[in-house]
>>> print(open('work_27.txt').read())   # compact mmCIF, C-alpha atoms
# COMPACT_ATOMS: atom_id res chain seq x y z
CA GLY T 1 -63.76 -74.05 105.09
CA PRO T 2 -66.71 -76.20 105.90
CA GLY T 3 -69.86 -74.46 107.06
CA THR T 4 -72.39 -75.61 109.59
CA GLU T 5 -74.18 -78.03 107.25
CA ARG T 6 -70.99 -79.79 106.14
CA SER T 7 -69.73 -79.91 109.73
CA LEU T 8 -72.98 -81.45 110.96
CA ASP T 9 -72.86 -83.95 108.09
CA LEU T 10 -69.27 -84.94 108.97
CA ILE T 11 -70.21 -85.38 112.63
CA ASN T 12 -73.15 -87.53 111.54
CA ARG T 13 -70.97 -89.75 109.34
CA ALA T 14 -67.76 -89.96 111.36
CA CYS T 15 -68.51 -89.76 115.06
CA GLY T 16 -69.24 -92.66 117.34
CA ARG T 17 -71.99 -90.70 119.10
CA PRO T 18 -73.35 -88.53 116.27
CA ALA T 19 -76.52 -87.32 118.02
CA ALA T 20 -74.64 -86.22 121.14
CA ASP T 21 -71.85 -84.61 119.12
CA ARG T 22 -74.28 -82.76 116.83
CA LEU T 23 -75.96 -81.37 119.94
CA ARG T 24 -72.57 -80.33 121.39
CA PHE T 25 -71.61 -78.69 118.07
CA ILE T 26 -74.84 -76.68 117.98
CA ARG T 27 -74.33 -75.63 121.60
CA MET T 28 -70.83 -74.49 120.66
CA LEU T 29 -72.29 -72.42 117.81
CA ILE T 30 -74.74 -70.81 120.24
CA PHE T 31 -71.92 -70.10 122.72
CA HIS T 32 -69.67 -68.57 120.03
CA TYR T 33 -72.60 -66.39 118.96
CA LEU T 34 -73.29 -65.27 122.54
CA VAL T 35 -69.68 -64.35 123.30
CA GLY T 36 -69.23 -62.51 119.99
CA ASN T 37 -66.73 -64.90 118.42
CA ALA T 38 -67.17 -64.39 114.67
CA ASP T 39 -63.92 -66.28 113.99
CA ALA T 40 -65.22 -69.74 114.94
CA HIS T 41 -64.50 -71.33 111.56
CA GLY T 42 -63.98 -74.97 110.57
CA LYS T 43 -60.46 -75.09 112.01
CA ASN T 44 -61.88 -74.15 115.43
CA TYR T 45 -63.66 -77.49 115.69
CA ALA T 46 -61.92 -80.84 115.83
CA LEU T 47 -62.50 -84.55 116.17
CA LEU T 48 -60.59 -86.47 118.85
CA TYR T 49 -59.80 -90.14 118.52
CA SER T 50 -59.64 -92.35 121.60
CA GLY T 51 -60.32 -95.50 119.60
CA ASN T 52 -61.49 -96.20 116.08
CA THR T 53 -64.22 -93.57 116.00
CA PRO T 54 -63.82 -89.91 116.91
CA ASP T 55 -65.81 -87.65 119.19
CA LEU T 56 -66.18 -83.90 118.88
CA ALA T 57 -63.37 -82.11 120.72
CA PRO T 58 -64.15 -79.66 123.52
CA ILE T 59 -64.55 -76.02 122.56
CA TYR T 60 -61.31 -74.07 122.11
CA ASP T 61 -59.89 -70.87 120.60
CA VAL T 62 -62.71 -68.65 121.84
CA VAL T 63 -62.23 -64.88 121.58
CA CYS T 64 -64.74 -62.06 121.47
CA THR T 65 -63.86 -60.71 118.03
CA ALA T 66 -66.88 -58.37 118.19
CA ALA T 67 -65.07 -56.31 120.86
CA TYR T 68 -62.26 -55.38 118.46
CA PRO T 69 -63.23 -52.80 115.81
CA ARG T 70 -60.72 -54.02 113.21
CA LEU T 71 -61.83 -57.65 113.30
CA ALA T 72 -64.58 -59.07 111.10
CA LYS T 73 -68.10 -58.94 112.44
CA LYS T 74 -69.61 -61.56 110.12
CA LEU T 75 -69.77 -65.09 111.50
CA ALA T 76 -67.39 -67.59 109.91
CA MET T 77 -70.03 -70.31 110.43
CA ARG T 78 -73.33 -69.12 109.05
CA ILE T 79 -76.52 -69.86 110.96
CA GLY T 80 -79.31 -70.70 108.54
CA GLY T 81 -77.42 -68.93 105.77
CA ARG T 82 -76.94 -65.77 107.86
CA ALA T 83 -73.56 -64.33 108.83
CA VAL T 84 -74.56 -60.96 110.32
CA PRO T 85 -75.29 -61.67 114.00
CA ASP T 86 -78.18 -59.27 114.60
CA THR T 87 -80.06 -60.55 111.54
CA ILE T 88 -80.25 -64.13 112.79
CA GLN T 89 -83.77 -65.09 113.80
CA LEU T 90 -85.15 -68.25 115.39
CA LYS T 91 -86.04 -69.68 111.98
CA HIS T 92 -82.34 -69.55 111.06
CA TRP T 93 -81.30 -71.41 114.21
CA LEU T 94 -84.00 -74.02 113.54
CA THR T 95 -82.33 -74.94 110.23
CA LEU T 96 -79.59 -76.62 112.28
CA VAL T 97 -81.88 -79.36 113.58
CA PRO T 98 -84.26 -81.87 111.98
CA ASP T 99 -87.74 -80.60 111.20
CA THR T 100 -89.35 -82.37 114.15
CA LYS T 101 -91.09 -80.87 117.18
CA ALA T 102 -88.74 -82.67 119.58
CA ALA T 103 -85.57 -81.41 117.88
CA GLN T 104 -86.93 -77.89 117.58
CA ARG T 105 -88.07 -77.84 121.23
CA LEU T 106 -84.62 -79.00 122.34
CA LEU T 107 -82.93 -76.28 120.28
CA VAL T 108 -85.22 -73.56 121.63
CA SER T 109 -84.59 -74.85 125.16
CA ASP T 110 -80.81 -74.84 124.63
CA VAL T 111 -80.80 -71.34 123.13
CA SER T 112 -83.01 -70.06 125.96
CA ASN T 113 -80.96 -71.69 128.71
CA LEU T 114 -77.60 -70.56 127.36
CA ALA T 115 -78.87 -67.01 126.77
CA ALA T 116 -80.52 -66.84 130.19
CA ASN T 117 -77.48 -68.11 132.11
CA ILE T 118 -74.50 -66.62 130.31
CA GLU T 119 -74.74 -63.18 131.90
CA ASN T 120 -74.49 -64.59 135.44
CA GLU T 121 -71.55 -66.75 134.34
CA ALA T 122 -69.86 -63.73 132.73
CA ASP T 123 -70.37 -61.68 135.91
CA ALA T 124 -68.89 -64.47 138.03
CA LEU T 125 -65.86 -64.64 135.74
CA LEU T 126 -65.42 -60.87 135.87
CA ARG T 127 -65.49 -60.98 139.68
CA GLU T 128 -62.93 -63.78 139.68
CA LEU T 129 -60.66 -61.84 137.32
CA SER T 130 -61.06 -58.67 139.40
CA ASP T 131 -60.22 -60.56 142.59
CA ALA T 132 -57.07 -61.78 140.86
CA GLY T 133 -56.16 -58.19 139.98
CA ILE T 134 -57.00 -58.55 136.30
CA LYS T 135 -58.79 -55.46 135.01
CA HIS T 136 -58.97 -54.19 131.47
CA PRO T 137 -61.48 -51.98 129.61
CA ILE T 138 -62.02 -54.69 126.97
CA LEU T 139 -63.65 -56.88 129.62
CA LYS T 140 -66.49 -54.38 129.99
CA ALA T 141 -66.93 -54.31 126.21
CA VAL T 142 -67.06 -58.11 126.07
CA ARG T 143 -69.62 -58.15 128.87
CA GLY T 144 -71.78 -55.67 126.94
CA ILE T 145 -71.65 -57.80 123.80
CA ILE T 146 -72.68 -60.87 125.78
CA SER T 147 -75.60 -58.93 127.26
CA ASN T 148 -76.76 -57.67 123.86
CA ARG T 149 -76.49 -61.08 122.20
CA ALA T 150 -78.29 -62.84 125.06
CA ALA T 151 -81.09 -60.26 124.96
CA HIS T 152 -81.41 -60.70 121.19
CA LEU T 153 -81.74 -64.48 121.48
CA LEU T 154 -84.29 -64.24 124.26
CA ARG T 155 -86.26 -61.64 122.26
CA ILE T 156 -86.42 -63.79 119.12
CA ILE T 157 -87.61 -66.78 121.13
CA VAL T 158 -90.34 -64.83 122.91
CA SER T 159 -91.52 -63.20 119.66
CA SER T 160 -91.78 -66.51 117.81
>>> encode(input="work_27.txt", output="structure tokens")
Amino acid sequence: GPGTERSLDLINRACGRPAADRLRFIRMLIFHYLVGNADAHGKNYALLYSGNTPDLAPIYDVVCTAAYPRLAKKLAMRIGGRAVPDTIQLKHWLTLVPDTKAAQRLLVSDVSNLAANIENEADALLRELSDAGIKHPILKAVRGIISNRAAHLLRIIVSS
């Protein structure tokens, strides 16, 4: 299926709000990375029509594949040519945006904000699930993956 470059190109050519939808797409890639969803391939992104021009559909089909030993660990959508999550550095993320200071600053800000906030959001969701009586060992594994991925992103930003 289409990779990140082809997907960004399609968004650029087809969408009514290409800049906003490219930004949303990149944020989705960051989110899928953080939650350990290696299976976010081209069919997990869609365009919705409400008129003559489409917009990027909201995120869907999110699962932490990294928590399941038998599922693939390599990302379906490569980041800067990289598919192995712990080998992705800031320079790989920066390939997703134009080579301008403003675009790069925005990407670094988005990566930092998502990585810094996802653990609190995950904890809130775990509390909500627990309050509803939903408890399963996989939830702890997912939470650990989120923590590790967030720490990795924050480390690569600080070290750059």
>>> residues_around(input="work_27.txt", residues="Leu48 in chain T", least_positions_apart="2", cutoff="6 Å", atoms="all atoms listed in the file", output="ChimeraX atom specification")
/T:54-55,57
>>> closest_atom_pairs(input="work_27.txt", of="range 1-45 of chain T", to="range 99-111 of chain T", cutoff="10 Å", atoms="all atoms listed in the file", output="CSV")
residue,atom,partner,partner_atom,distance
T:Leu23,CA,T:Leu107,CA,8.6
T:Ile26,CA,T:Leu107,CA,8.4
T:Arg27,CA,T:Asp110,CA,7.2
T:Ile30,CA,T:Val111,CA,6.7
T:Phe31,CA,T:Val111,CA,9.0
T:Leu34,CA,T:Val111,CA,9.7
>>> closest_residue(input="work_27.txt", among="T:Gly36, T:Gly42, T:Pro18, T:Gly133", to="Arg6 in chain T", atoms="all atoms listed in the file")
T:Gly42
>>> closest_residue(input="work_27.txt", among="T:Ala20, T:Leu29, T:Val142, T:Ala124", to="Ala76 in chain T", atoms="only C-alpha atoms")
T:Leu29
>>> closest_residue(input="work_27.txt", among="T:Ala40, T:Leu153, T:Ala72, T:Ala19", to="Gln89 in chain T", atoms="all atoms listed in the file")
T:Leu153
>>> residues_around(input="work_27.txt", residues="Lys43 in chain T", least_positions_apart="2", cutoff="12 Å", atoms="only C-alpha atoms", output="number ranges by chain")
T: 1-3, 7, 39-41, 45-47, 57, 59-62, 76-77
>>> atom_distance(input="work_27.txt", atom1="CA of Thr65 in chain T", atom2="CA of Ser112 in chain T")
22.7 Å
>>> closest_residue(input="work_27.txt", among="T:Leu56, T:Ile157, T:Val63, T:Leu114", to="Ile88 in chain T", atoms="all atoms listed in the file")
T:Ile157
>>> closest_residue(input="work_27.txt", among="T:Tyr49, T:Phe25, T:Tyr33, T:Tyr68", to="Pro137 in chain T", atoms="all atoms listed in the file")
T:Tyr68
